[in-house]
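The file run-v9.tsv contains TSV, C-alpha atoms:
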chain	number	residue	atom	x	y	z
S	1434	MET	CA	0.00	0.00	0.00
S	1435	ASP	CA	2.67	2.55	0.95
S	1436	VAL	CA	4.98	1.24	-1.76
S	1437	MET	CA	2.27	1.54	-4.37
S	1438	ASP	CA	1.44	5.08	-3.27
S	1439	TYR	CA	5.09	6.05	-3.49
S	1440	ARG	CA	5.43	4.59	-6.93
S	1441	ARG	CA	2.48	6.55	-8.22
S	1442	ARG	CA	4.01	9.79	-6.98
S	1443	SER	CA	7.52	9.04	-8.16
S	1444	GLN	CA	8.85	11.09	-11.06
S	1445	VAL	CA	11.26	8.31	-12.03
S	1446	PRO	CA	10.24	6.35	-15.14
S	1447	ARG	CA	8.58	3.07	-14.31
S	1448	LYS	CA	11.33	0.91	-15.81
S	1449	LEU	CA	14.05	2.69	-13.86
S	1450	PHE	CA	12.05	2.37	-10.65
S	1451	LEU	CA	11.53	-1.33	-11.21
S	1452	ALA	CA	15.24	-1.78	-11.94
S	1453	ALA	CA	16.14	0.01	-8.73
S	1454	GLY	CA	13.67	-2.13	-6.82
S	1455	ILE	CA	15.10	-5.35	-8.27
S	1456	THR	CA	18.63	-4.20	-7.39
S	1457	ALA	CA	17.59	-3.54	-3.81
S	1458	LEU	CA	15.87	-6.91	-3.54
S	1459	CYS	CA	18.91	-8.68	-5.00
S	1460	PHE	CA	21.04	-7.03	-2.34
S	1461	ILE	CA	18.64	-8.23	0.33
S	1462	ILE	CA	18.61	-11.78	-0.99
S	1463	PHE	CA	22.41	-11.77	-1.31
S	1464	ARG	CA	22.71	-10.74	2.33
S	1465	GLN	CA	20.36	-13.58	3.32
S	1466	THR	CA	17.87	-11.21	4.85
S	1467	SER	CA	14.74	-12.23	2.98
S	1468	TYR	CA	12.25	-14.18	5.04
S	1469	ASN	CA	12.46	-16.88	2.38
S	1470	SER	CA	16.00	-17.69	3.60
S	1471	THR	CA	15.63	-17.25	7.34
S	1472	SER	CA	18.78	-18.17	9.21
S	1473	GLN	CA	18.68	-21.00	11.72
S	1474	TYR	CA	19.76	-18.51	14.36
S	1475	PHE	CA	16.55	-16.55	14.02
S	1476	SER	CA	14.17	-19.49	13.79
S	1477	ARG	CA	14.93	-20.94	17.22
S	1478	LYS	CA	14.96	-19.62	20.75
S	1479	GLU	CA	18.23	-19.61	22.65
S	1480	PRO	CA	18.67	-19.28	26.41
S	1481	GLY	CA	19.96	-15.88	27.39
S	1482	ILE	CA	19.20	-14.28	24.01
S	1483	THR	CA	16.16	-12.08	23.44
S	1484	HIS	CA	15.03	-11.85	19.83
S	1485	VAL	CA	13.26	-8.57	19.04
S	1486	LEU	CA	11.29	-7.80	15.90
S	1487	VAL	CA	11.65	-4.10	15.11
S	1488	THR	CA	8.98	-2.96	12.67
S	1489	GLY	CA	9.99	0.12	10.72
S	1490	GLY	CA	13.57	-0.55	11.72
S	1491	ALA	CA	14.99	1.09	8.59
S	1492	GLY	CA	13.43	4.42	9.55
S	1493	TYR	CA	14.90	7.27	11.57
S	1494	ILE	CA	13.67	6.16	15.00
S	1495	GLY	CA	13.56	2.44	14.26
S	1496	SER	CA	17.17	2.31	13.05
S	1497	HIS	CA	18.36	4.03	16.22
S	1498	ALA	CA	16.35	1.49	18.25
S	1499	SER	CA	17.94	-1.37	16.32
S	1500	LEU	CA	21.40	0.07	16.95
S	1501	ARG	CA	20.80	0.30	20.68
S	1502	LEU	CA	19.31	-3.19	20.90
S	1503	LEU	CA	22.26	-4.67	19.00
S	1504	LYS	CA	24.72	-2.81	21.25
S	1505	ASP	CA	22.89	-4.31	24.23
S	1506	ALA	CA	23.32	-7.85	22.82
S	1507	TYR	CA	19.74	-8.40	21.64
S	1508	ARG	CA	19.08	-10.38	18.48
S	1509	VAL	CA	17.27	-8.13	16.00
S	1510	THR	CA	15.05	-8.67	13.00
S	1511	ILE	CA	14.07	-5.55	11.07
S	1512	VAL	CA	10.93	-5.58	8.95
S	1513	ASP	CA	10.43	-2.58	6.66
S	1514	ASN	CA	8.89	-1.94	3.24
S	1515	LEU	CA	11.36	0.94	2.66
S	1516	SER	CA	8.55	3.31	1.70
S	1517	ARG	CA	9.95	5.75	4.24
S	1518	GLY	CA	12.93	3.92	5.66
S	1519	ASN	CA	16.47	3.82	4.30
S	1520	LEU	CA	18.26	0.70	3.12
S	1521	GLY	CA	21.44	2.66	3.83
S	1522	ALA	CA	20.68	2.62	7.54
S	1523	VAL	CA	20.30	-1.17	7.41
S	1524	LYS	CA	23.65	-1.46	5.62
S	1525	VAL	CA	25.31	0.57	8.39
S	1526	LEU	CA	23.87	-1.77	11.02
S	1527	GLN	CA	24.92	-4.85	9.04
S	1528	GLN	CA	28.48	-3.52	8.82
S	1529	LEU	CA	28.57	-2.82	12.55
S	1530	PHE	CA	27.14	-6.21	13.52
S	1531	PRO	CA	28.13	-8.74	10.81
S	1532	GLU	CA	28.25	-11.77	13.13
S	1533	PRO	CA	25.80	-14.58	12.34
S	1534	GLY	CA	22.64	-14.47	14.40
S	1535	ARG	CA	22.81	-10.78	15.29
S	1536	LEU	CA	20.75	-8.97	12.67
S	1537	GLN	CA	18.52	-9.78	9.74
S	1538	PHE	CA	16.49	-7.53	7.47
S	1539	ILE	CA	13.18	-8.57	5.94
S	1540	TYR	CA	11.69	-6.56	3.09
S	1541	ALA	CA	7.94	-6.77	3.63
S	1542	ASP	CA	4.79	-4.70	4.05
S	1543	LEU	CA	2.88	-5.11	7.30
S	1544	GLY	CA	-0.34	-4.65	5.34
S	1545	ASP	CA	0.30	-8.03	3.69
S	1546	ALA	CA	-1.23	-10.49	6.17
S	1547	THR	CA	0.23	-13.52	4.40
S	1548	ALA	CA	3.75	-12.10	4.54
S	1549	VAL	CA	3.34	-11.13	8.20
S	1550	ASP	CA	2.17	-14.63	9.13
S	1551	LYS	CA	5.10	-16.16	7.24
S	1552	ILE	CA	7.55	-13.90	9.07
S	1553	PHE	CA	6.18	-14.94	12.45
S	1554	SER	CA	6.04	-18.61	11.43
S	1555	GLU	CA	9.70	-18.70	10.40
S	1556	ASN	CA	11.16	-16.66	13.26
S	1557	ALA	CA	11.22	-17.21	17.01
S	1558	PHE	CA	10.48	-13.73	18.33
S	1559	ASP	CA	10.47	-12.96	22.03
S	1560	ALA	CA	9.24	-9.39	21.65
S	1561	VAL	CA	8.03	-6.84	19.12
S	1562	MET	CA	9.00	-3.17	19.11
S	1563	HIS	CA	6.40	-1.65	16.81
S	1564	PHE	CA	7.54	1.62	15.19
S	1565	ALA	CA	6.32	1.20	11.60
S	1566	ALA	CA	3.86	3.96	10.71
S	1567	VAL	CA	3.33	6.97	8.51
S	1568	ALA	CA	3.63	9.91	10.86
S	1569	TYR	CA	2.92	13.35	9.43
S	1570	VAL	CA	0.02	15.38	10.83
S	1571	GLY	CA	-0.52	17.45	7.71
S	1572	GLU	CA	-0.41	14.43	5.43
S	1573	SER	CA	-2.90	12.62	7.65
S	1574	THR	CA	-5.49	15.35	7.13
S	1575	ALA	CA	-5.06	15.04	3.36
S	1576	GLU	CA	-4.96	11.22	3.29
S	1577	PRO	CA	-6.90	10.00	6.34
S	1578	LEU	CA	-7.76	6.55	4.98
S	1579	ARG	CA	-4.12	5.84	4.32
S	1580	TYR	CA	-3.33	6.62	7.96
S	1581	TYR	CA	-6.11	4.44	9.37
S	1582	HIS	CA	-4.95	1.58	7.20
S	1583	ASN	CA	-1.22	1.99	7.80
S	1584	ILE	CA	-1.42	2.61	11.55
S	1585	THR	CA	-4.62	1.06	12.89
S	1586	SER	CA	-5.12	-1.86	10.54
S	1587	ASN	CA	-1.44	-2.83	10.45
S	1588	THR	CA	-1.20	-2.73	14.24
S	1589	LEU	CA	-4.21	-5.06	14.42
S	1590	GLY	CA	-2.37	-7.40	12.09
S	1591	ILE	CA	0.76	-7.35	14.24
S	1592	VAL	CA	-1.19	-8.08	17.43
S	1593	LYS	CA	-3.07	-10.95	15.75
S	1594	ALA	CA	0.20	-12.45	14.51
S	1595	MET	CA	1.78	-12.12	17.95
S	1596	ALA	CA	-1.19	-13.87	19.55
S	1597	ALA	CA	-1.20	-16.65	16.94
S	1598	HIS	CA	2.52	-17.32	17.38
S	1599	ASP	CA	2.82	-16.85	21.15
S	1600	VAL	CA	5.05	-13.77	21.10
S	1601	SER	CA	4.89	-12.56	24.66
S	1602	THR	CA	5.94	-8.88	24.71
S	1603	LEU	CA	4.82	-5.80	22.79
S	1604	ILE	CA	6.43	-2.37	23.03
S	1605	TYR	CA	4.15	0.00	21.13
S	1606	SER	CA	5.62	3.29	19.98
S	1607	SER	CA	2.65	5.65	20.12
S	1608	THR	CA	2.30	9.43	20.24
S	1609	CYS	CA	1.13	12.23	22.49
S	1610	ALA	CA	-1.00	13.32	19.52
S	1611	THR	CA	-3.61	10.94	20.98
S	1612	TYR	CA	-4.26	13.59	23.65
S	1613	GLY	CA	-5.24	16.24	21.12
S	1614	GLU	CA	-5.20	19.71	22.64
S	1615	PRO	CA	-5.81	19.32	26.39
S	1616	GLU	CA	-7.08	22.20	28.48
S	1617	LYS	CA	-4.41	21.67	31.11
S	1618	MET	CA	-0.63	21.36	30.82
S	1619	PRO	CA	1.53	19.39	31.30
S	1620	ILE	CA	0.04	16.20	29.89
S	1621	THR	CA	-0.05	13.18	32.21
S	1622	GLU	CA	-0.95	9.61	31.38
S	1623	VAL	CA	-4.49	10.18	32.73
S	1624	THR	CA	-5.11	13.27	30.60
S	1625	PRO	CA	-8.21	12.53	28.48
S	1626	GLN	CA	-7.39	11.40	24.95
S	1627	ASP	CA	-9.20	13.49	22.35
S	1628	PRO	CA	-7.10	13.56	19.15
S	1629	ILE	CA	-7.85	16.27	16.60
S	1630	ASN	CA	-6.21	14.84	13.46
S	1631	PRO	CA	-6.30	11.47	11.68
S	1632	TYR	CA	-2.75	10.66	12.75
S	1633	GLY	CA	-3.62	10.97	16.43
S	1634	LYS	CA	-6.97	9.24	15.94
S	1635	ALA	CA	-5.38	6.30	14.12
S	1636	LYS	CA	-2.80	5.89	16.89
S	1637	LYS	CA	-5.49	6.01	19.58
S	1638	MET	CA	-7.50	3.36	17.74
S	1639	ALA	CA	-4.38	1.20	17.63
S	1640	GLU	CA	-3.91	1.72	21.37
S	1641	ASP	CA	-7.55	0.76	21.98
S	1642	ILE	CA	-7.05	-2.47	20.03
S	1643	ILE	CA	-4.00	-3.31	22.13
S	1644	LEU	CA	-5.71	-2.44	25.42
S	1645	ASP	CA	-8.86	-4.41	24.61
S	1646	PHE	CA	-6.76	-7.40	23.62
S	1647	SER	CA	-4.75	-7.15	26.84
S	1648	LYS	CA	-7.90	-7.91	28.84
S	1649	THR	CA	-8.01	-11.40	27.34
S	1650	SER	CA	-4.27	-12.08	27.15
S	1651	ASP	CA	-1.24	-12.49	29.38
S	1652	MET	CA	0.93	-10.53	26.92
S	1653	ALA	CA	3.35	-8.02	28.46
S	1654	ILE	CA	2.53	-4.61	26.95
S	1655	MET	CA	4.16	-1.21	27.13
S	1656	ILE	CA	2.79	1.87	25.34
S	1657	LEU	CA	5.05	4.90	24.98
S	1658	ARG	CA	3.70	8.31	23.95
S	1659	TYR	CA	5.95	11.12	22.77
S	1660	PHE	CA	6.08	14.17	20.54
S	1661	ASN	CA	8.72	15.71	18.28
S	1662	VAL	CA	11.90	13.66	17.94
S	1663	ILE	CA	15.25	15.30	17.22
S	1664	GLY	CA	18.96	14.44	17.35
S	1665	SER	CA	20.94	11.47	16.08
S	1666	ASP	CA	23.54	8.91	17.11
S	1667	PRO	CA	26.37	10.79	18.92
S	1668	GLU	CA	28.97	8.61	17.20
S	1669	GLY	CA	27.73	9.68	13.77
S	1670	ARG	CA	26.67	6.30	12.48
S	1671	LEU	CA	22.97	7.04	11.93
S	1672	GLY	CA	20.92	10.14	11.23
S	1673	GLU	CA	17.68	11.46	9.80
S	1674	ALA	CA	17.37	11.25	6.01
S	1675	PRO	CA	13.77	11.73	4.83
S	1676	ARG	CA	12.91	11.30	1.19
S	1677	PRO	CA	13.06	14.60	-0.76
S	1678	GLU	CA	9.37	14.50	-1.64
S	1679	LEU	CA	8.48	14.37	2.06
S	1680	ARG	CA	10.46	17.43	3.13
S	1681	ASP	CA	7.38	19.67	3.31
S	1682	GLN	CA	5.71	17.14	5.61
S	1683	GLY	CA	8.69	16.22	7.74
S	1684	ARG	CA	10.15	17.21	11.08
S	1685	ILE	CA	11.14	20.81	11.70
S	1686	SER	CA	14.72	19.74	12.41
S	1687	GLY	CA	15.05	18.33	8.89
S	1688	ALA	CA	13.65	21.53	7.40
S	1689	CYS	CA	16.08	23.63	9.47
S	1690	PHE	CA	19.03	21.58	8.27
S	1691	ASP	CA	17.87	21.73	4.65
S	1692	ALA	CA	17.65	25.52	4.92
S	1693	ALA	CA	21.09	25.72	6.56
S	1694	ARG	CA	22.60	23.63	3.73
S	1695	GLY	CA	20.89	25.69	1.03
S	1696	ILE	CA	18.78	22.79	-0.22
S	1697	ILE	CA	15.71	24.94	0.32
S	1698	PRO	CA	15.72	28.75	0.32
S	1699	GLY	CA	14.47	29.11	3.87
S	1700	LEU	CA	12.36	27.69	6.66
S	1701	LYS	CA	8.56	27.88	6.61
S	1702	VAL	CA	7.01	28.37	10.05
S	1703	ARG	CA	3.33	27.58	9.92
S	1704	GLY	CA	1.18	29.45	12.44
S	1705	VAL	CA	2.15	32.57	14.38
S	1706	ASP	CA	-1.19	33.43	15.95
S	1707	TYR	CA	-1.52	30.66	18.53
S	1708	LYS	CA	-2.24	31.50	22.16
S	1709	THR	CA	1.37	30.97	23.21
S	1710	PRO	CA	4.02	33.45	24.45
S	1711	ASP	CA	5.43	34.12	20.97
S	1712	GLY	CA	2.49	32.98	18.84
S	1713	THR	CA	4.13	29.80	17.52
S	1714	CYS	CA	3.39	26.22	18.54
S	1715	VAL	CA	4.98	24.87	21.71
S	1716	ARG	CA	6.23	21.28	21.68
S	1717	ASP	CA	8.14	18.84	23.87
S	1718	TYR	CA	11.22	17.92	21.82
S	1719	ILE	CA	12.75	14.59	22.76
S	1720	ASP	CA	16.19	13.43	21.64
S	1721	VAL	CA	16.09	10.15	19.72
S	1722	ASN	CA	18.72	8.61	22.02
S	1723	ASP	CA	16.62	9.37	25.09
S	1724	LEU	CA	13.53	8.06	23.35
S	1725	ILE	CA	15.19	4.76	22.49
S	1726	ASP	CA	16.55	4.47	26.02
S	1727	ALA	CA	12.95	4.66	27.22
S	1728	HIS	CA	11.90	1.89	24.83
S	1729	VAL	CA	14.74	-0.38	25.94
S	1730	LYS	CA	13.95	0.22	29.60
S	1731	ALA	CA	10.29	-0.52	28.88
S	1732	LEU	CA	11.30	-3.80	27.24
S	1733	ALA	CA	13.37	-4.77	30.27
S	1734	ARG	CA	10.55	-3.93	32.70
S	1735	ALA	CA	7.66	-5.48	30.73
S	1736	ARG	CA	5.82	-8.17	32.69
S	1737	PRO	CA	3.20	-10.78	31.68
S	1738	SER	CA	-0.43	-9.67	32.00
S	1739	LYS	CA	0.65	-6.11	32.76
S	1740	VAL	CA	0.16	-2.95	30.71
S	1741	GLY	CA	2.38	0.09	31.20
S	1742	ILE	CA	1.56	3.45	29.62
S	1743	TYR	CA	4.16	6.22	29.74
S	1744	ASN	CA	4.72	9.71	28.42
S	1745	VAL	CA	8.28	10.17	27.20
S	1746	GLY	CA	9.40	13.77	27.27
S	1747	THR	CA	11.58	16.40	28.87
S	1748	GLY	CA	8.76	17.95	30.85
S	1749	LYS	CA	9.20	21.35	29.25
S	1750	GLY	CA	7.91	22.96	26.10
S	1751	SER	CA	9.83	24.99	23.53
S	1752	SER	CA	8.25	27.19	20.90
S	1753	VAL	CA	8.95	26.87	17.19
S	1754	LYS	CA	10.69	30.24	17.27
S	1755	GLN	CA	12.92	29.04	20.12
S	1756	PHE	CA	13.66	25.89	18.13
S	1757	VAL	CA	14.65	27.91	15.07
S	1758	GLU	CA	17.02	30.07	17.13
S	1759	ALA	CA	18.63	26.92	18.58
S	1760	CYS	CA	19.02	25.54	15.06
S	1761	LYS	CA	20.68	28.74	13.89
S	1762	LYS	CA	23.21	28.47	16.73
S	1763	ALA	CA	23.82	24.76	16.13
S	1764	THR	CA	24.45	25.22	12.40
S	1765	GLY	CA	26.07	28.63	12.51
S	1766	VAL	CA	23.76	29.73	9.68
S	1767	ASP	CA	21.37	32.67	9.80
S	1768	ILE	CA	18.47	30.74	8.34
S	1769	LYS	CA	15.84	32.71	6.44
S	1770	VAL	CA	12.39	32.22	7.99
S	1771	ASP	CA	9.02	32.71	6.30
S	1772	PHE	CA	5.98	32.91	8.57
S	1773	LEU	CA	2.86	31.35	7.04
S	1774	GLY	CA	-0.66	30.41	8.08
S	1775	ARG	CA	-1.50	27.48	10.30
S	1776	ARG	CA	-1.12	23.88	9.19
S	1777	PRO	CA	-4.35	21.83	9.35
S	1778	GLY	CA	-4.56	19.56	12.40
S	1779	ASP	CA	-1.93	21.33	14.51
S	1780	TYR	CA	-2.43	22.31	18.15
S	1781	ALA	CA	-1.05	25.27	20.07
S	1782	GLU	CA	0.78	23.88	23.09
S	1783	VAL	CA	1.59	20.37	24.21
S	1784	TYR	CA	4.27	19.06	26.52
S	1785	SER	CA	4.37	16.07	28.81
S	1786	ASP	CA	4.86	15.31	32.46
S	1787	PRO	CA	7.42	12.46	32.58
S	1788	SER	CA	7.07	11.86	36.34
S	1789	LYS	CA	5.58	8.38	35.93
S	1790	ILE	CA	8.31	7.01	33.67
S	1791	ILE	CA	10.99	8.57	35.89
S	1792	ARG	CA	9.44	6.92	38.93
S	1793	GLU	CA	8.59	3.49	37.52
S	1794	LEU	CA	11.23	2.85	34.83
S	1795	ASN	CA	14.08	4.95	36.26
S	1796	TRP	CA	14.24	6.85	32.97
S	1797	ARG	CA	15.08	10.51	32.58
S	1798	ALA	CA	15.89	12.64	29.53
S	1799	ARG	CA	19.60	13.44	29.37
S	1800	TYR	CA	19.54	15.64	26.29
S	1801	ILE	CA	17.46	18.59	27.48
S	1802	ASP	CA	19.26	21.34	25.57
S	1803	LEU	CA	17.92	21.84	22.06
S	1804	GLU	CA	21.19	23.21	20.75
S	1805	GLU	CA	23.14	20.17	21.94
S	1806	SER	CA	20.83	17.68	20.21
S	1807	LEU	CA	20.72	19.76	17.05
S	1808	SER	CA	24.51	20.15	16.99
S	1809	ILE	CA	24.97	16.37	17.09
S	1810	ALA	CA	22.42	15.90	14.32
S	1811	TRP	CA	24.02	18.70	12.27
S	1812	ARG	CA	27.38	16.90	12.29
S	1813	TRP	CA	25.75	13.88	10.64
S	1814	GLN	CA	23.93	16.08	8.15
S	1815	LYS	CA	27.15	17.82	7.09
S	1816	ALA	CA	28.92	14.50	6.65
S	1817	HIS	CA	26.02	12.99	4.69
S	1818	ARG	CA	24.83	15.68	2.32
S	1819	ASN	CA	22.96	13.12	0.25
S	1820	GLY	CA	21.71	11.12	3.20
S	1821	TYR	CA	22.86	7.51	3.25
S	1822	SER	CA	23.85	7.78	-0.40
S	1823	SER	CA	26.88	9.94	0.42
Output the file's structure as structure tokens, nothing else.
Amino acid sequence: MDVMDYRRRSQVPRKLFLAAGITALCFIIFRQTSYNSTSQYFSRKEPGITHVLVTGGAGYIGSHASLRLLKDAYRVTIVDNLSRGNLGAVKVLQQLFPEPGRLQFIYADLGDATAVDKIFSENAFDAVMHFAAVAYVGESTAEPLRYYHNITSNTLGIVKAMAAHDVSTLIYSSTCATYGEPEKMPITEVTPQDPINPYGKAKKMAEDIILDFSKTSDMAIMILRYFNVIGSDPEGRLGEAPRPELRDQGRISGACFDAARGIIPGLKVRGVDYKTPDGTCVRDYIDVNDLIDAHVKALARARPSKVGIYNVGTGKGSSVKQFVEACKKATGVDIKVDFLGRRPGDYAEVYSDPSKIIRELNWRARYIDLEESLSIAWRWQKAHRNGYSS
């Protein structure tokens, strides 16, 4: 579904696109990462080794999660249809962890129930870390059905496959967009959920499926909700590299870096008339390394028949204007800024209260300075001007 949508929008001639696709698949088969050639290491359980399926593991957040899990001696299987992920990120991980039984990559779409069942049948997973999802608010308002299918329906498919194949632990990567625009800040885990855009609604529906299922299952479940993700691997191995056609929909950090590098003429800030101190949206920006640390801690603390729900954030909000100023300092570029009208589906101010996750999982954000996180990400951007192709 996502692949087909991408192909329809691509400006590359059909034959060239098919050739590129065949080349990518040949690479995957050569590396023995197709689920048709599952390694014996991944098809059996081993004492002392936890095998984690990372959906969307070729994406920005999922690749960082895979890196951390591999560093912590987990066995990792990445499933991604590469509609938004990067095969280059997978190659980096394969080069870092080439030993047999450490990492495999499966090219598949979670919307394909037959493929999903085959993946679960041929692999002995202990846990699933579910990141795979389209995740742009503006795009969700323009293509709501795509979001309900990709997020809600695909999550249902994952949960059904886990139940059918006795996979005992689910870490669901959700969003604070499920809360909508609460009357009171900061957001706690008991703040009423009232999403205002299809992205948030689709994620809430997925959460509801998981929570309803938990009442009839002994599965260990953790749900993590968070907002805007920034930063990258401090050692410069991974970074954020969205597809060019998604730049207008993507994270503000990517747009800032594109403006600083001259790829786009300037930064477009949408909405300056919100009821906030400077008129721009206020968000809780979380560094990707802190976010993944929360997911790994959640995995370690997950218990049968228990459900944990946690907000993952710094506990403070920063406005878009403050973010832009931090980006200017991090890059050393006086980025041109154009102020435009509001983007459909956005909300004025949202930031989380992380007290519960601090108390119960012993997690706390370490990267609380925007400029520090952006400086680390900027180093990767400068070294990879063409993303993973450079």
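CA of Gly1495 (chain S) is positioned 20.1 Å from CA of Ala1548 (chain S).
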Practice prompt. Excluding Ile1511 (chain S) and residues on its chain fewer than 2 positions from it, collect all residues at most 9 Å away from it, counting all atoms listed in the file, and give them as number ranges by chain.
Written response: S: 1485-1491, 1495-1496, 1499, 1509, 1513, 1523, 1536-1540
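Summary of the local environment: counting only C-alpha atoms, residues at most 9 Å from Ile1801 (chain S), other than itself and those fewer than 2 positions away along its chain, are Tyr1718, Ile1719, Asp1720, Thr1747, Lys1749, Ala1798, Arg1799, Leu1803, Glu1804, Glu1805 and Ser1806 of chain S.
Between CA of Gly1664 (chain S) and CA of Ser1686 (chain S) the separation is 8.4 Å.
Proximity ranking of S:Thr1483, S:Asn1514, S:Asn1744, S:Ser1554 relative to His1598 (chain S) places S:Ser1554 first, based on all atoms listed in the file.
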Practice prompt. In Å, rounded to a single decimal, give me how far CA of Val1561 (chain S) is from CA of Arg1734 (chain S).
Written response: 14.1 Å
Worksheet entry | Spatial neighbours of region 1607-1615 of chain S, max dist 6 Å, only C-alpha atoms, sep filter under 5 positions, as a ChimeraX atom specification | /S:1626-1629,1633,1637,1657-1660,1780
Protein, DNA and RNA residues within 12 Å of (16.2, 25.9, 4.4), all atoms listed in the file, as a PDB file with C-alpha atoms, in the coordinates of the input:
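Saved to result.pdb:
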ATOM      1  CA  ARG S1680      10.460  17.430   3.130  1.00  0.00           C
ATOM      2  CA  ASP S1681       7.380  19.670   3.310  1.00  0.00           C
ATOM      3  CA  ILE S1685      11.140  20.810  11.700  1.00  0.00           C
ATOM      4  CA  SER S1686      14.720  19.740  12.410  1.00  0.00           C
ATOM      5  CA  GLY S1687      15.050  18.330   8.890  1.00  0.00           C
ATOM      6  CA  ALA S1688      13.650  21.530   7.400  1.00  0.00           C
ATOM      7  CA  CYS S1689      16.080  23.630   9.470  1.00  0.00           C
ATOM      8  CA  PHE S1690      19.030  21.580   8.270  1.00  0.00           C
ATOM      9  CA  ASP S1691      17.870  21.730   4.650  1.00  0.00           C
ATOM     10  CA  ALA S1692      17.650  25.520   4.920  1.00  0.00           C
ATOM     11  CA  ALA S1693      21.090  25.720   6.560  1.00  0.00           C
ATOM     12  CA  ARG S1694      22.600  23.630   3.730  1.00  0.00           C
ATOM     13  CA  GLY S1695      20.890  25.690   1.030  1.00  0.00           C
ATOM     14  CA  ILE S1696      18.780  22.790  -0.220  1.00  0.00           C
ATOM     15  CA  ILE S1697      15.710  24.940   0.320  1.00  0.00           C
ATOM     16  CA  PRO S1698      15.720  28.750   0.320  1.00  0.00           C
ATOM     17  CA  GLY S1699      14.470  29.110   3.870  1.00  0.00           C
ATOM     18  CA  LEU S1700      12.360  27.690   6.660  1.00  0.00           C
ATOM     19  CA  LYS S1701       8.560  27.880   6.610  1.00  0.00           C
ATOM     20  CA  VAL S1702       7.010  28.370  10.050  1.00  0.00           C
ATOM     21  CA  VAL S1757      14.650  27.910  15.070  1.00  0.00           C
ATOM     22  CA  CYS S1760      19.020  25.540  15.060  1.00  0.00           C
ATOM     23  CA  LYS S1761      20.680  28.740  13.890  1.00  0.00           C
ATOM     24  CA  THR S1764      24.450  25.220  12.400  1.00  0.00           C
ATOM     25  CA  VAL S1766      23.760  29.730   9.680  1.00  0.00           C
ATOM     26  CA  ASP S1767      21.370  32.670   9.800  1.00  0.00           C
ATOM     27  CA  ILE S1768      18.470  30.740   8.340  1.00  0.00           C
ATOM     28  CA  LYS S1769      15.840  32.710   6.440  1.00  0.00           C
ATOM     29  CA  VAL S1770      12.390  32.220   7.990  1.00  0.00           C
ATOM     30  CA  ASP S1771       9.020  32.710   6.300  1.00  0.00           C
TER      31      ASP S1771
END
Worksheet, complete the sentence: One residue among S:His1728, S:Lys1593, S:Arg1670, S:Arg1775 is nearest to Gly1712 (chain S) when using only C-alpha atoms, and that residue is S:Arg1775
